[in-house]
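Below is run-v5.json, which holds JSON, C-alpha atoms.
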[["chain", "number", "residue", "atom", "x", "y", "z"],
["A", 9, "MET", "CA", -4.44, -5.17, 135.92],
["A", 10, "ALA", "CA", -4.83, -8.70, 137.17],
["A", 11, "ARG", "CA", -5.89, -11.50, 134.89],
["A", 12, "ILE", "CA", -9.46, -12.74, 135.00],
["A", 13, "LYS", "CA", -10.01, -16.23, 136.33],
["A", 14, "VAL", "CA", -12.22, -18.24, 133.99],
["A", 15, "HIS", "CA", -13.84, -20.30, 136.75],
["A", 16, "GLU", "CA", -15.06, -17.02, 138.29],
["A", 17, "LEU", "CA", -16.42, -15.91, 134.91],
["A", 18, "ARG", "CA", -18.48, -19.06, 134.48],
["A", 19, "SER", "CA", -20.43, -18.37, 137.67],
["A", 20, "LYS", "CA", -21.50, -14.87, 136.56],
["A", 21, "SER", "CA", -24.63, -13.92, 134.63],
["A", 22, "LYS", "CA", -24.78, -12.76, 131.03],
["A", 23, "GLN", "CA", -25.38, -9.15, 132.06],
["A", 24, "GLU", "CA", -22.24, -9.20, 134.20],
["A", 25, "TRP", "CA", -20.25, -10.65, 131.27],
["A", 26, "LEU", "CA", -21.44, -7.92, 128.94],
["A", 27, "ALA", "CA", -20.67, -5.20, 131.48],
["A", 28, "GLN", "CA", -17.19, -6.60, 132.06],
["A", 29, "LEU", "CA", -16.62, -6.86, 128.31],
["A", 30, "LYS", "CA", -17.62, -3.23, 127.85],
["A", 31, "ASP", "CA", -15.21, -2.15, 130.62],
["A", 32, "LEU", "CA", -12.36, -4.16, 129.14],
["A", 33, "LYS", "CA", -12.90, -2.73, 125.67],
["A", 34, "ALA", "CA", -12.93, 0.80, 127.11],
["A", 35, "LYS", "CA", -9.69, 0.06, 128.96],
["A", 36, "LEU", "CA", -8.10, -1.24, 125.76],
["A", 37, "ALA", "CA", -9.15, 1.94, 123.93],
["A", 38, "LEU", "CA", -7.54, 4.05, 126.67],
["A", 39, "LEU", "CA", -4.31, 2.07, 126.36],
["A", 40, "ARG", "CA", -4.30, 2.63, 122.59],
["A", 41, "VAL", "CA", -4.86, 6.35, 123.06],
["A", 42, "ALA", "CA", -2.06, 6.49, 125.64],
["A", 43, "LYS", "CA", 0.33, 4.91, 123.14],
["A", 44, "VAL", "CA", -0.56, 7.39, 120.40],
["A", 45, "THR", "CA", -0.28, 10.43, 122.67],
["A", 46, "GLY", "CA", 3.17, 9.40, 123.80],
["A", 47, "GLY", "CA", 2.32, 7.97, 127.18],
["A", 48, "ALA", "CA", 4.33, 5.27, 128.83],
["A", 49, "PRO", "CA", 4.14, 2.21, 126.61],
["A", 50, "ASN", "CA", 2.87, -0.65, 128.71],
["A", 51, "LYS", "CA", 2.65, -3.55, 126.32],
["A", 52, "LEU", "CA", 2.09, -6.11, 129.07],
["A", 53, "SER", "CA", -1.09, -4.49, 130.35],
["A", 54, "LYS", "CA", -2.44, -4.25, 126.79],
["A", 55, "MET", "CA", -1.76, -7.96, 126.30],
["A", 56, "VAL", "CA", -3.54, -8.80, 129.57],
["A", 57, "VAL", "CA", -6.59, -6.75, 128.59],
["A", 58, "ARG", "CA", -6.76, -8.41, 125.16],
["A", 59, "LEU", "CA", -6.46, -11.83, 126.79],
["A", 60, "SER", "CA", -9.24, -10.97, 129.24],
["A", 61, "ILE", "CA", -11.52, -9.85, 126.40],
["A", 62, "ALA", "CA", -10.87, -13.14, 124.61],
["A", 63, "GLN", "CA", -11.64, -15.12, 127.78],
["A", 64, "VAL", "CA", -14.95, -13.34, 128.32],
["A", 65, "LEU", "CA", -15.98, -13.86, 124.68],
["A", 66, "THR", "CA", -14.98, -17.53, 124.85],
["A", 67, "VAL", "CA", -17.07, -18.15, 127.97],
["A", 68, "ILE", "CA", -20.07, -16.38, 126.40],
["A", 69, "SER", "CA", -19.86, -18.50, 123.23],
["A", 70, "GLN", "CA", -19.35, -21.73, 125.19],
["A", 71, "LYS", "CA", -22.43, -21.04, 127.32],
["A", 72, "GLN", "CA", -24.52, -20.19, 124.25],
["A", 73, "LYS", "CA", -23.43, -23.36, 122.48],
["A", 74, "ALA", "CA", -24.16, -25.48, 125.56],
["A", 75, "ALA", "CA", -27.65, -23.97, 125.80],
["A", 76, "LEU", "CA", -28.29, -24.71, 122.12],
["A", 77, "ARG", "CA", -27.10, -28.28, 122.58],
["A", 78, "GLU", "CA", -29.70, -28.69, 125.34],
["A", 79, "VAL", "CA", -32.43, -27.32, 123.08],
["A", 80, "TYR", "CA", -31.55, -29.67, 120.21],
["A", 81, "LYS", "CA", -30.71, -32.71, 122.37],
["A", 82, "ASN", "CA", -33.86, -34.74, 121.65],
["A", 83, "LYS", "CA", -34.66, -33.31, 118.22],
["A", 84, "LYS", "CA", -34.43, -35.26, 114.99],
["A", 85, "PHE", "CA", -32.06, -32.84, 113.29],
["A", 86, "MET", "CA", -29.24, -30.77, 114.73],
["A", 87, "PRO", "CA", -27.38, -27.80, 113.20],
["A", 88, "LEU", "CA", -24.03, -28.67, 111.67],
["A", 89, "ASP", "CA", -21.98, -26.67, 114.15],
["A", 90, "LEU", "CA", -23.58, -28.48, 117.11],
["A", 91, "ARG", "CA", -22.94, -31.97, 115.82],
["A", 92, "PRO", "CA", -19.98, -33.91, 117.20],
["A", 93, "LYS", "CA", -16.86, -33.46, 115.13],
["A", 94, "GLU", "CA", -15.91, -36.61, 113.24],
["A", 95, "THR", "CA", -13.07, -37.54, 110.96],
["A", 96, "ARG", "CA", -13.56, -37.38, 107.22],
["A", 97, "ALA", "CA", -13.58, -41.17, 106.93],
["A", 98, "ILE", "CA", -16.27, -41.57, 109.58],
["A", 99, "CYS", "CA", -18.45, -38.92, 107.93],
["A", 100, "ARG", "CA", -18.04, -40.57, 104.53],
["A", 101, "ASP", "CA", -18.97, -44.02, 105.85],
["A", 102, "SER", "CA", -21.96, -42.89, 107.91],
["A", 103, "PRO", "CA", -25.33, -43.81, 106.43],
["A", 104, "ASN", "CA", -26.85, -40.42, 107.31],
["A", 105, "ILE", "CA", -26.87, -37.80, 104.61],
["A", 106, "ARG", "CA", -25.46, -34.60, 106.01]]
Can I see the file as structure tokens?
Amino acid sequence: MARIKVHELRSKSKQEWLAQLKDLKAKLALLRVAKVTGGAPNKLSKMVVRLSIAQVLTVISQKQKAALREVYKNKKFMPLDLRPKETRAICRDSPNIR
């Protein structure tokens, strides 16, 4: 199993991401079953599949957050998780009540 390239993932659609995620999760389940039934333990391929799942989920969440930032860009208020991260001192000194 070859690793997924993230720059290729970013160019795909959401439906393709979800289909790929479903395939990867099925592959991981097969690897777990193979380990239990006494098949050849291939820890490296299991690690690659888990890494690929994490990459797909990361790209999905990054795209969702970017879309939400665009929606809230010119609004008066923004959700806390979309605001820029600031240090504690900067937040304490800012005049805005958060």
Write out as an mmCIF file with C-alpha atoms, keeping the file's coordinate frame each polymer residue whose atoms come within 7 Å of segment 10-12 of chain A, counting all atoms listed in the file; drop sequence neighbours fewer than 2 positions from it.
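See around-v8.cif below for the written result:
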data_model
loop_
_atom_site.group_PDB
_atom_site.id
_atom_site.type_symbol
_atom_site.label_atom_id
_atom_site.label_comp_id
_atom_site.auth_asym_id
_atom_site.auth_seq_id
_atom_site.Cartn_x
_atom_site.Cartn_y
_atom_site.Cartn_z
ATOM 1 C CA VAL A 14 -12.220 -18.240 133.990
ATOM 2 C CA VAL A 56 -3.540 -8.800 129.570
ATOM 3 C CA SER A 60 -9.240 -10.970 129.240
#
When distances are computed from all atoms listed in the file, which of A:Lys43, A:Ser69, A:Arg18, A:Val57 shows the smallest separation from Lys30 of chain A?
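Among the listed residues, the smallest separation from Lys30 of chain A belongs to A:Val57.
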Do you have the atom CA of Leu39 of chain A-atom CA of Ser53 of chain A distance handy?
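Atom-to-atom, atom CA of Leu39 of chain A and atom CA of Ser53 of chain A are spaced 8.3 Å apart.
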Counting only C-alpha atoms, what are the residues of segment 38-76 of chain A within 12 Å of segment 84-92 of chain A, and for each of them which pair of atoms is the nearest and at what distance in Å, to one decimal? Sort the table by chain and rising number, as a Markdown table.
| residue | atom | partner | partner_atom | distance |
| --- | --- | --- | --- | --- |
| A:Gln70 | CA | A:Leu90 | CA | 11.3 |
| A:Gln72 | CA | A:Leu90 | CA | 11.0 |
| A:Lys73 | CA | A:Leu90 | CA | 7.4 |
| A:Ala74 | CA | A:Leu90 | CA | 9.0 |
| A:Ala75 | CA | A:Leu90 | CA | 10.6 |
| A:Leu76 | CA | A:Leu90 | CA | 7.8 |
Within 10 Å of Leu32 of chain A, counting only C-alpha atoms, which residues qualify if same-chain residues fewer than 5 places away don't, as an MDAnalysis selection string?
chainID A and resid 26:27 37:38 56:61 64
Calculate how many Å separate atom CA of Tyr80 of chain A from atom CA of Leu29 of chain A, rounding to one decimal.
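Separation of atom CA of Tyr80 of chain A and atom CA of Leu29 of chain A: 28.4 Å.
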Would you work out the distance separating atom CA of Val67 of chain A from atom CA of Lys22 of chain A, expressed in Å to one decimal?
9.9 Å
From A:Trp25, A:Ile98, A:Gly46, A:Ser19, residue lying nearest Thr66 of chain A [all atoms listed in the file]
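Checking each of A:Trp25, A:Ile98, A:Gly46, A:Ser19 against Thr66 of chain A, counting all atoms listed in the file, the winner is A:Trp25.
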Could segment 72-94 of chain A be completed with N, CA, C and O atoms and returned as a short mmCIF file (atom, residue, chain, number, x, y, z; two decimals), in the coordinates of the input?
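selection-v7.cif, freshly written:
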data_model
loop_
_atom_site.label_atom_id
_atom_site.label_comp_id
_atom_site.auth_asym_id
_atom_site.auth_seq_id
_atom_site.Cartn_x
_atom_site.Cartn_y
_atom_site.Cartn_z
N GLN A 72 -23.47 -20.22 125.27
CA GLN A 72 -24.52 -20.19 124.25
C GLN A 72 -24.60 -21.53 123.52
O GLN A 72 -25.69 -22.05 123.28
N LYS A 73 -23.45 -22.09 123.19
CA LYS A 73 -23.43 -23.36 122.48
C LYS A 73 -23.97 -24.48 123.36
O LYS A 73 -24.70 -25.36 122.88
N ALA A 74 -23.65 -24.46 124.64
CA ALA A 74 -24.16 -25.48 125.56
C ALA A 74 -25.68 -25.38 125.69
O ALA A 74 -26.38 -26.41 125.73
N ALA A 75 -26.20 -24.15 125.72
CA ALA A 75 -27.65 -23.97 125.80
C ALA A 75 -28.33 -24.48 124.53
O ALA A 75 -29.40 -25.12 124.60
N LEU A 76 -27.72 -24.22 123.38
CA LEU A 76 -28.29 -24.71 122.12
C LEU A 76 -28.24 -26.23 122.04
O LEU A 76 -29.16 -26.87 121.52
N ARG A 77 -27.17 -26.82 122.56
CA ARG A 77 -27.10 -28.28 122.58
C ARG A 77 -28.24 -28.87 123.40
O ARG A 77 -28.81 -29.90 123.05
N GLU A 78 -28.59 -28.23 124.52
CA GLU A 78 -29.70 -28.69 125.34
C GLU A 78 -31.03 -28.58 124.59
O GLU A 78 -31.88 -29.46 124.70
N VAL A 79 -31.19 -27.51 123.84
CA VAL A 79 -32.43 -27.32 123.08
C VAL A 79 -32.59 -28.41 122.02
O VAL A 79 -33.67 -28.98 121.84
N TYR A 80 -31.50 -28.72 121.32
CA TYR A 80 -31.55 -29.67 120.21
C TYR A 80 -31.25 -31.11 120.63
O TYR A 80 -31.13 -31.97 119.77
N LYS A 81 -31.16 -31.39 121.92
CA LYS A 81 -30.71 -32.71 122.37
C LYS A 81 -31.63 -33.84 121.90
O LYS A 81 -31.17 -34.87 121.43
N ASN A 82 -32.93 -33.67 122.00
CA ASN A 82 -33.86 -34.74 121.65
C ASN A 82 -34.57 -34.50 120.32
O ASN A 82 -35.59 -35.13 120.04
N LYS A 83 -34.06 -33.60 119.51
CA LYS A 83 -34.66 -33.31 118.22
C LYS A 83 -34.13 -34.28 117.17
O LYS A 83 -33.09 -34.91 117.34
N LYS A 84 -34.85 -34.36 116.06
CA LYS A 84 -34.43 -35.26 114.99
C LYS A 84 -33.21 -34.73 114.26
O LYS A 84 -32.30 -35.48 113.92
N PHE A 85 -33.18 -33.44 113.99
CA PHE A 85 -32.06 -32.84 113.29
C PHE A 85 -31.35 -31.84 114.19
O PHE A 85 -31.96 -31.23 115.05
N MET A 86 -30.05 -31.69 113.94
CA MET A 86 -29.24 -30.77 114.73
C MET A 86 -28.42 -29.91 113.77
O MET A 86 -27.96 -30.41 112.74
N PRO A 87 -28.22 -28.63 114.07
CA PRO A 87 -27.38 -27.80 113.20
C PRO A 87 -25.97 -28.37 113.07
O PRO A 87 -25.47 -29.04 113.97
N LEU A 88 -25.34 -28.09 111.95
CA LEU A 88 -24.03 -28.67 111.67
C LEU A 88 -22.98 -28.30 112.72
O LEU A 88 -22.15 -29.12 113.07
N ASP A 89 -23.01 -27.07 113.21
CA ASP A 89 -21.98 -26.67 114.15
C ASP A 89 -22.18 -27.25 115.55
O ASP A 89 -21.28 -27.18 116.38
N LEU A 90 -23.34 -27.86 115.81
CA LEU A 90 -23.58 -28.48 117.11
C LEU A 90 -23.33 -29.99 117.09
O LEU A 90 -23.31 -30.62 118.13
N ARG A 91 -23.18 -30.53 115.91
CA ARG A 91 -22.94 -31.97 115.82
C ARG A 91 -21.53 -32.31 116.29
O ARG A 91 -20.62 -31.48 116.20
N PRO A 92 -21.35 -33.54 116.78
CA PRO A 92 -19.98 -33.91 117.20
C PRO A 92 -19.05 -33.95 116.00
O PRO A 92 -19.44 -34.36 114.90
N LYS A 93 -17.84 -33.50 116.21
CA LYS A 93 -16.86 -33.46 115.13
C LYS A 93 -16.33 -34.87 114.87
O LYS A 93 -15.92 -35.57 115.78
N GLU A 94 -16.36 -35.27 113.62
CA GLU A 94 -15.91 -36.61 113.24
C GLU A 94 -14.83 -36.48 112.17
O GLU A 94 -14.71 -35.46 111.51
#
